[in-house]
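target01.cif (mmCIF, C-alpha atoms)
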data_data
loop_
_atom_site.label_atom_id
_atom_site.label_comp_id
_atom_site.auth_asym_id
_atom_site.auth_seq_id
_atom_site.Cartn_x
_atom_site.Cartn_y
_atom_site.Cartn_z
CA MET A 114 151.79 -53.45 34.51
CA GLY A 115 155.33 -52.15 34.00
CA CYS A 116 157.74 -52.43 31.10
CA PHE A 117 157.72 -55.38 28.72
CA ASN A 118 158.63 -56.25 25.16
CA GLN A 119 156.14 -56.79 22.38
CA THR A 120 156.49 -59.40 19.62
CA CYS A 121 156.74 -58.97 15.85
CA ALA A 122 153.81 -60.81 14.25
CA VAL A 123 155.97 -61.99 11.33
CA SER A 124 159.48 -62.65 12.65
CA HIS A 125 158.32 -63.41 16.22
CA MET A 126 161.41 -61.51 17.41
CA PRO A 127 161.03 -59.23 20.44
CA ILE A 128 160.05 -55.61 19.85
CA VAL A 129 161.93 -53.53 22.42
CA ALA A 130 161.57 -49.94 23.57
CA GLY A 131 162.50 -47.51 20.80
CA ASP A 132 161.99 -49.95 17.91
CA GLN A 133 160.30 -48.54 14.82
CA VAL A 134 157.13 -50.49 14.07
CA ALA A 135 154.29 -50.75 11.60
CA CYS A 136 150.95 -51.29 13.35
CA PHE A 137 147.48 -52.60 12.57
CA LEU A 138 144.22 -52.58 14.51
CA LEU A 139 142.62 -56.01 14.38
CA ALA A 140 138.98 -57.06 14.72
CA ASP A 141 137.30 -60.42 15.20
CA ALA A 142 136.96 -62.14 11.82
CA LYS A 143 133.51 -63.44 12.86
CA ARG A 144 134.03 -66.76 11.16
CA GLU A 145 132.28 -69.80 12.54
CA GLY A 146 135.15 -71.99 13.61
CA THR A 147 138.26 -73.17 11.80
CA ASP A 148 139.37 -76.46 10.33
CA PHE A 149 140.58 -78.83 13.08
CA GLU A 150 143.44 -80.08 10.90
CA GLY A 151 144.78 -76.57 10.34
CA PHE A 152 143.55 -75.77 6.84
CA VAL A 153 142.78 -72.15 7.65
CA GLY A 154 143.59 -68.80 6.08
CA SER A 155 145.82 -66.23 7.75
CA GLY A 156 142.73 -64.18 8.62
CA ALA A 157 140.56 -66.99 9.97
CA VAL A 158 140.42 -65.62 13.53
CA TRP A 159 141.52 -61.97 13.34
CA GLN A 160 141.60 -59.56 10.42
CA THR A 161 143.02 -56.07 10.08
CA LEU A 162 140.45 -53.30 10.33
CA SER A 163 143.05 -50.64 9.55
CA LEU A 164 145.65 -49.81 6.98
CA PRO A 165 149.11 -49.58 8.55
CA PHE A 166 150.19 -46.71 10.74
CA PHE A 167 153.65 -46.26 12.19
CA GLY A 168 155.37 -45.32 15.40
CA VAL A 169 157.93 -46.17 18.07
CA TYR A 170 157.35 -48.91 20.63
CA ASP A 171 156.87 -47.27 24.04
CA ASP A 172 157.88 -50.22 26.28
CA TYR A 173 154.35 -50.47 27.71
CA GLY A 174 152.51 -52.41 25.00
CA SER A 175 151.66 -49.47 22.73
CA VAL A 176 153.35 -46.97 20.41
CA LYS A 177 154.26 -43.29 20.58
CA ASP A 178 155.13 -40.70 17.94
CA VAL A 179 152.34 -42.10 15.76
CA GLU A 180 152.45 -41.36 12.05
CA GLU A 181 149.11 -42.02 10.39
CA GLY A 182 150.70 -42.77 7.01
CA THR A 183 149.10 -42.45 3.58
CA GLY A 184 146.22 -44.64 4.74
CA GLY A 185 145.21 -42.14 7.44
CA PRO A 186 142.12 -40.76 5.62
CA ILE A 187 140.78 -44.28 5.06
CA ASN A 188 141.45 -45.29 8.67
CA ARG A 189 139.56 -42.24 9.95
CA ALA A 190 136.62 -43.06 7.68
CA VAL A 191 136.50 -46.72 8.81
CA LEU A 192 137.31 -46.28 12.50
CA GLY A 193 135.69 -42.90 13.09
CA LYS A 194 138.90 -41.70 14.78
CA THR A 195 142.59 -41.49 14.06
CA ALA A 196 144.82 -44.37 15.12
CA ALA A 197 146.50 -42.05 17.64
CA GLU A 198 143.13 -41.23 19.24
CA ILE A 199 142.25 -44.92 19.54
CA LEU A 200 145.60 -45.71 21.17
CA LYS A 201 145.15 -42.81 23.58
CA GLN A 202 141.68 -44.09 24.50
CA ALA A 203 143.10 -47.56 25.20
CA ARG A 204 145.84 -46.11 27.44
CA GLU A 205 143.39 -43.97 29.41
CA THR A 206 140.74 -46.65 29.94
CA ARG A 207 143.16 -49.59 30.15
CA LYS A 208 140.67 -51.56 28.10
CA PRO A 209 140.57 -52.65 24.46
CA PRO A 210 138.66 -50.04 22.43
CA ARG A 211 135.24 -51.24 21.25
CA LEU A 212 133.84 -50.38 17.85
CA ASN A 213 130.35 -50.95 16.48
CA LEU A 214 130.70 -52.23 12.92
CA ARG A 215 126.93 -52.76 12.65
CA GLY A 216 125.27 -55.31 10.44
CA TYR A 217 126.63 -58.84 10.56
CA TRP A 218 129.78 -57.86 12.49
CA GLY A 219 128.18 -55.88 15.33
CA GLU A 220 130.43 -54.72 18.16
CA THR A 221 134.01 -55.86 18.35
CA ASP A 222 137.05 -55.29 20.53
CA LEU A 223 140.09 -53.97 18.72
CA ARG A 224 143.56 -55.42 19.21
CA LEU A 225 146.95 -53.99 18.30
CA MET A 226 149.36 -55.97 16.11
CA MET A 227 152.93 -54.81 15.42
CA VAL A 228 155.71 -55.77 13.05
CA HIS A 229 159.20 -54.33 12.85
CA SER A 230 159.37 -51.54 10.27
CA GLN A 231 162.13 -53.33 8.38
CA VAL A 232 160.01 -56.48 8.22
CA TRP A 233 157.14 -54.39 6.83
CA GLN A 234 159.45 -52.97 4.17
CA LEU A 235 160.76 -56.41 3.22
CA LEU A 236 157.28 -57.90 2.90
CA THR A 237 155.79 -55.07 0.85
CA SER A 238 158.41 -54.86 -1.91
CA GLU A 239 157.10 -57.90 -3.79
CA CYS A 240 155.00 -61.03 -3.44
CA ARG A 241 154.04 -64.20 -5.26
CA THR A 242 150.33 -64.85 -5.70
CA PRO A 243 148.72 -68.26 -5.05
CA ARG A 244 148.74 -68.76 -8.84
CA GLY A 245 152.47 -68.15 -9.00
CA ASP A 246 152.45 -64.64 -10.47
CA GLU A 247 155.27 -62.39 -9.29
CA ILE A 248 154.12 -58.95 -8.16
CA ILE A 249 156.69 -56.14 -7.94
CA THR A 250 155.15 -53.38 -5.84
CA HIS A 251 157.10 -50.55 -7.46
CA ASP A 252 155.81 -51.59 -10.89
CA GLU A 253 152.27 -51.88 -9.55
CA GLU A 254 152.43 -48.35 -8.13
CA GLY A 255 152.83 -47.11 -11.69
CA ARG A 256 149.55 -48.83 -12.63
CA MET A 257 147.32 -47.27 -9.98
CA LEU A 258 146.25 -44.36 -12.18
CA GLU A 259 145.42 -46.87 -14.91
CA PHE A 260 143.26 -48.76 -12.41
CA LEU A 261 141.54 -45.56 -11.24
CA ASP A 262 140.72 -44.54 -14.82
CA PHE A 263 139.32 -48.00 -15.55
CA VAL A 264 137.11 -47.94 -12.44
CA ARG A 265 135.83 -44.44 -13.29
CA LYS A 266 134.82 -45.63 -16.75
CA GLN A 267 133.26 -48.81 -15.38
CA SER A 268 131.31 -46.95 -12.68
CA GLU A 269 130.03 -44.46 -15.23
CA GLU A 270 128.79 -47.25 -17.52
CA TYR A 271 127.14 -49.03 -14.60
CA ALA A 272 125.39 -45.85 -13.45
CA ARG A 273 124.14 -45.11 -16.97
CA LYS A 274 122.76 -48.62 -17.56
CA MET A 275 121.59 -49.69 -14.09
CA LEU A 276 120.69 -46.66 -11.98
CA PRO A 277 117.66 -44.34 -12.27
CA GLU A 278 118.27 -41.13 -14.13
CA GLY A 279 119.47 -38.38 -11.81
CA THR A 280 121.18 -40.76 -9.38
CA ARG A 281 124.41 -39.29 -8.11
CA PHE A 282 127.40 -40.79 -9.90
CA ARG A 283 129.99 -42.29 -7.57
CA PRO A 284 133.25 -42.68 -9.52
CA PHE A 285 134.73 -45.54 -7.47
CA ASP A 286 131.64 -47.68 -6.88
CA GLN A 287 132.68 -50.50 -9.19
CA ALA A 288 136.22 -50.93 -7.87
CA HIS A 289 135.40 -54.43 -6.62
CA GLU A 290 134.29 -55.50 -10.13
CA ALA A 291 137.63 -54.74 -11.81
CA LEU A 292 138.91 -58.30 -11.52
CA HIS A 293 135.86 -59.67 -13.33
CA THR A 294 135.56 -57.10 -16.11
CA TRP A 295 139.16 -56.10 -16.83
CA LYS A 296 139.69 -58.69 -19.57
CA LEU A 297 136.39 -57.81 -21.24
CA ASP A 298 137.93 -54.54 -22.34
CA LYS A 299 139.75 -55.27 -25.62
CA LYS A 300 142.56 -52.90 -24.65
CA ASN A 301 143.38 -55.14 -21.68
CA LYS A 302 143.67 -58.43 -23.59
CA GLY A 303 146.64 -60.35 -22.20
CA ILE A 304 147.39 -57.66 -19.59
CA SER A 305 146.99 -58.63 -15.93
CA VAL A 306 144.69 -56.63 -13.68
CA PRO A 307 146.50 -54.06 -11.47
CA TYR A 308 147.16 -55.85 -8.18
CA VAL A 309 145.57 -53.10 -6.08
CA ALA A 310 142.20 -54.31 -7.45
CA ARG A 311 142.55 -57.34 -5.16
CA PHE A 312 142.14 -55.08 -2.15
CA PHE A 313 138.58 -54.13 -3.12
CA GLU A 314 137.26 -57.65 -3.56
CA PRO A 315 134.73 -58.61 -0.83
CA MET A 316 137.04 -61.52 0.04
CA GLY A 317 140.72 -61.23 -0.76
CA GLU A 318 143.23 -63.91 -1.73
CA SER A 319 144.22 -64.79 1.80
CA GLY A 320 141.46 -63.13 3.81
CA GLY A 321 143.52 -61.14 6.29
CA ILE A 322 141.86 -57.83 5.41
CA HIS A 323 138.50 -57.24 7.09
CA PRO A 324 135.53 -56.82 4.69
CA VAL A 325 134.55 -53.63 6.56
CA LEU A 326 137.97 -52.16 5.75
CA ARG A 327 137.61 -53.14 2.08
CA MET A 328 134.16 -51.53 1.86
CA GLY A 329 135.17 -48.52 3.94
CA ALA A 330 138.23 -47.85 1.78
CA LYS A 331 136.07 -47.85 -1.34
CA ALA A 332 133.60 -45.44 0.25
CA ALA A 333 136.40 -43.14 1.47
CA ILE A 334 138.00 -42.98 -1.98
CA ASN A 335 134.59 -42.28 -3.51
CA LYS A 336 134.24 -39.35 -1.13
CA MET A 337 137.68 -38.04 -2.14
CA LEU A 338 136.73 -38.21 -5.81
CA GLU A 339 133.33 -36.57 -5.32
CA GLY A 340 134.78 -33.35 -3.93
CA THR A 341 134.54 -30.08 -5.84
CA HIS A 342 138.27 -30.19 -6.51
CA PRO A 343 139.31 -33.85 -6.12
CA CYS A 344 143.01 -34.26 -5.41
CA THR A 345 144.46 -37.08 -7.51
CA VAL A 346 147.60 -37.12 -5.36
CA SER A 347 145.59 -37.87 -2.20
CA VAL A 348 143.69 -40.64 -3.97
CA MET A 349 146.93 -42.15 -5.29
CA GLU A 350 148.41 -42.09 -1.78
CA ALA A 351 145.36 -43.86 -0.40
CA LEU A 352 145.52 -46.47 -3.15
CA GLU A 353 149.22 -46.93 -2.44
CA SER A 354 148.48 -47.85 1.17
CA CYS A 355 145.80 -50.31 -0.02
CA LEU A 356 148.28 -51.87 -2.48
CA TYR A 357 151.01 -52.28 0.15
CA THR A 358 148.54 -53.81 2.61
CA GLN A 359 147.35 -56.27 -0.03
CA VAL A 360 150.94 -57.32 -0.84
CA PHE A 361 151.69 -57.68 2.88
CA ASP A 362 148.56 -59.79 3.38
CA THR A 363 149.59 -62.09 0.52
CA ASN A 364 153.03 -62.52 2.07
CA MET A 365 151.51 -63.21 5.49
CA ALA A 366 149.68 -66.13 3.88
CA ASN A 367 152.82 -67.25 2.02
CA LEU A 368 154.71 -67.32 5.33
CA ARG A 369 151.80 -69.08 7.09
CA ARG A 370 151.46 -66.26 9.59
CA MET A 371 148.16 -65.51 11.27
CA TRP A 372 146.88 -61.97 11.70
CA ALA A 373 146.72 -61.94 15.49
CA PRO A 374 147.78 -60.00 18.59
CA GLN A 375 151.07 -61.38 19.86
CA PRO A 376 152.19 -62.43 23.35
CA GLY A 377 154.22 -59.92 25.33
CA LEU A 378 155.36 -62.33 28.03
CA GLY A 379 158.58 -64.32 28.02
CA SER A 380 162.30 -63.77 28.45
CA GLN A 381 164.06 -61.61 25.87
CA ASP A 382 167.48 -63.24 26.41
CA THR A 383 166.04 -66.74 26.22
CA SER A 384 164.03 -65.76 23.17
CA TYR A 385 167.13 -64.60 21.29
CA GLU A 386 168.96 -67.85 22.11
CA MET A 387 166.00 -69.95 20.96
CA HIS A 388 165.73 -67.93 17.74
CA LYS A 389 169.42 -68.63 17.03
CA THR A 390 168.76 -72.35 17.45
CA LEU A 391 165.63 -72.27 15.31
CA SER A 392 167.24 -70.16 12.58
CA GLY A 393 169.90 -72.84 12.13
CA TRP A 394 167.24 -75.50 11.64
CA VAL A 395 165.22 -73.24 9.27
CA THR A 396 168.36 -72.54 7.18
CA TYR A 397 169.01 -76.30 6.97
CA LYS A 398 165.42 -77.03 5.88
CA CYS A 399 165.59 -74.29 3.22
CA ALA A 400 168.81 -75.79 1.85
CA VAL A 401 167.28 -79.28 1.70
CA ALA A 402 164.17 -77.95 -0.05
CA ARG A 403 166.36 -76.14 -2.57
CA VAL A 404 168.31 -79.33 -3.37
CA HIS A 405 165.03 -81.20 -3.92
CA GLU A 406 163.77 -78.46 -6.23
CA GLU A 407 166.96 -78.51 -8.29
CA PHE A 408 166.82 -82.31 -8.54
CA ASP A 409 163.17 -82.24 -9.65
CA ASP A 410 164.00 -79.58 -12.26
CA MET A 411 166.87 -81.73 -13.57
CA VAL A 412 164.66 -84.84 -13.81
CA GLU A 413 161.93 -82.88 -15.57
CA ALA A 414 164.42 -81.44 -18.08
CA GLY A 415 165.51 -84.96 -19.08
CA PRO A 416 168.86 -86.34 -20.37
CA GLU A 417 169.48 -83.38 -22.71
CA ALA A 418 169.98 -81.08 -19.73
#
Encoded form (structure tokens):
Amino acid sequence: MGCFNQTCAVSHMPIVAGDQVACFLLADAKREGTDFEGFVGSGAVWQTLSLPFFGVYDDYGSVKDVEEGTGGPINRAVLGKTAAEILKQARETRKPPRLNLRGYWGETDLRLMMVHSQVWQLLTSECRTPRGDEIITHDEEGRMLEFLDFVRKQSEEYARKMLPEGTRFRPFDQAHEALHTWKLDKKNKGISVPYVARFFEPMGESGGIHPVLRMGAKAAINKMLEGTHPCTVSVMEALESCLYTQVFDTNMANLRRMWAPQPGLGSQDTSYEMHKTLSGWVTYKCAVARVHEEFDDMVEAGPEA
């Protein structure tokens, strides 16, 4: 097909040969239609089936110098191969790789989505939840061990009360229940649930993370913890990748961006000129919105302000 640029799924700016990128493998969301008027989540059509991996855009629609990242063990467990192996398969066959997810999801074609590495870094440093809570990723990283300890305790209690005697204890089985039971523990009164817990819910806040990835990540972490000599560092690294992906997914929804493969056609020079025009309009709209917010705040504060 020859050389062509890719497109960043967030900024919509061209990705050119040599650009550093963060990548995701997407699968069909398997949802029955979307709202005609546009009331859809960012994962209504496609969802990510992988945690991010990283590389350099190769000018031919794919990436080279692939780095699996801290989510590599989870990706291998979910996909059955490394991201690099899947990309190699796609290059050799010149077809989208197919994966059998079984159950409700069945077989699906995978698609590659890229964002500029700097965009990934910007959108994983913090986020604001739909309820207005501010999440600082660095602070949340410090709470992952707390979350792991809570899930261990919860899983142990569940196994003791609900499972037949002699059933193998899986220390991360109840990760998806953390959001519901966190506040029941008196020690956690008034303390928000670690944000990484959102990743293990069957359906997340904005729905851009595939349920198979959520379930597969839980199973992979269970396997890490069940080893003869479980490595806490490896588990923390895996949880870190889950946390960053959850924050990124929340920001995708906040920006009204769909998880989707992006077009590679179009003129780079024309694209840059159009982005300059659009950025001026976006800056103007942001300024107007800010003035309205300040006015509303002043009215709400009353004459004393």
Open item on the list: Report as a list in words all protein, DNA and RNA residues lying within 10 Å of Asn367 of chain A, evaluated on all atoms listed in the file, omitting residues in the same chain fewer than 5 positions from it.
Closed with: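 In the requested form, the answer reads Ser155, Cys240, Arg241, Thr242, Pro243, Ser319, Phe361 and Asp362 of chain A.
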Open item on the list: Could you check the closest approach to Leu225 of chain A for each of A:Trp372, A:Phe313, A:Phe285, A:Phe263 and tell me which residue wins, using all atoms listed in the file?
Closed with: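 Counting all atoms listed in the file, the residue closest to Leu225 of chain A is A:Trp372.
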Open item on the list: What's around Arg327 of chain A at 9 Å? Count only C-alpha atoms, leave out sequence neighbours fewer than 6 positions away in its own chain, and write the answer as a list in words.
Closed with: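 The residues that qualify are Leu162, Phe312, Phe313, Glu314, Pro315, Met316 and Cys355 of chain A.
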Task: Among listed residues A:Arg273, A:Tyr308, A:Ala333, A:Arg207, nearest Glu247 of chain A (using all atoms listed in the file) - done: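 For Glu247 of chain A, the nearest of the candidates is A:Tyr308.
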Task: Exercise: segment 295-306 of chain A partners within 12 Å, only C-alpha atoms, chain neighbours under 6 positions left out, as a ChimeraX atom specification - done: /A:246-248,253,256-257,259-264,266-267,287-289,312
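For the choices A:Cys121, A:Ala310, A:Leu138, A:Met226, the atom-to-atom distance to Tyr357 of chain A is smallest for A:Ala310 when using all atoms listed in the file.
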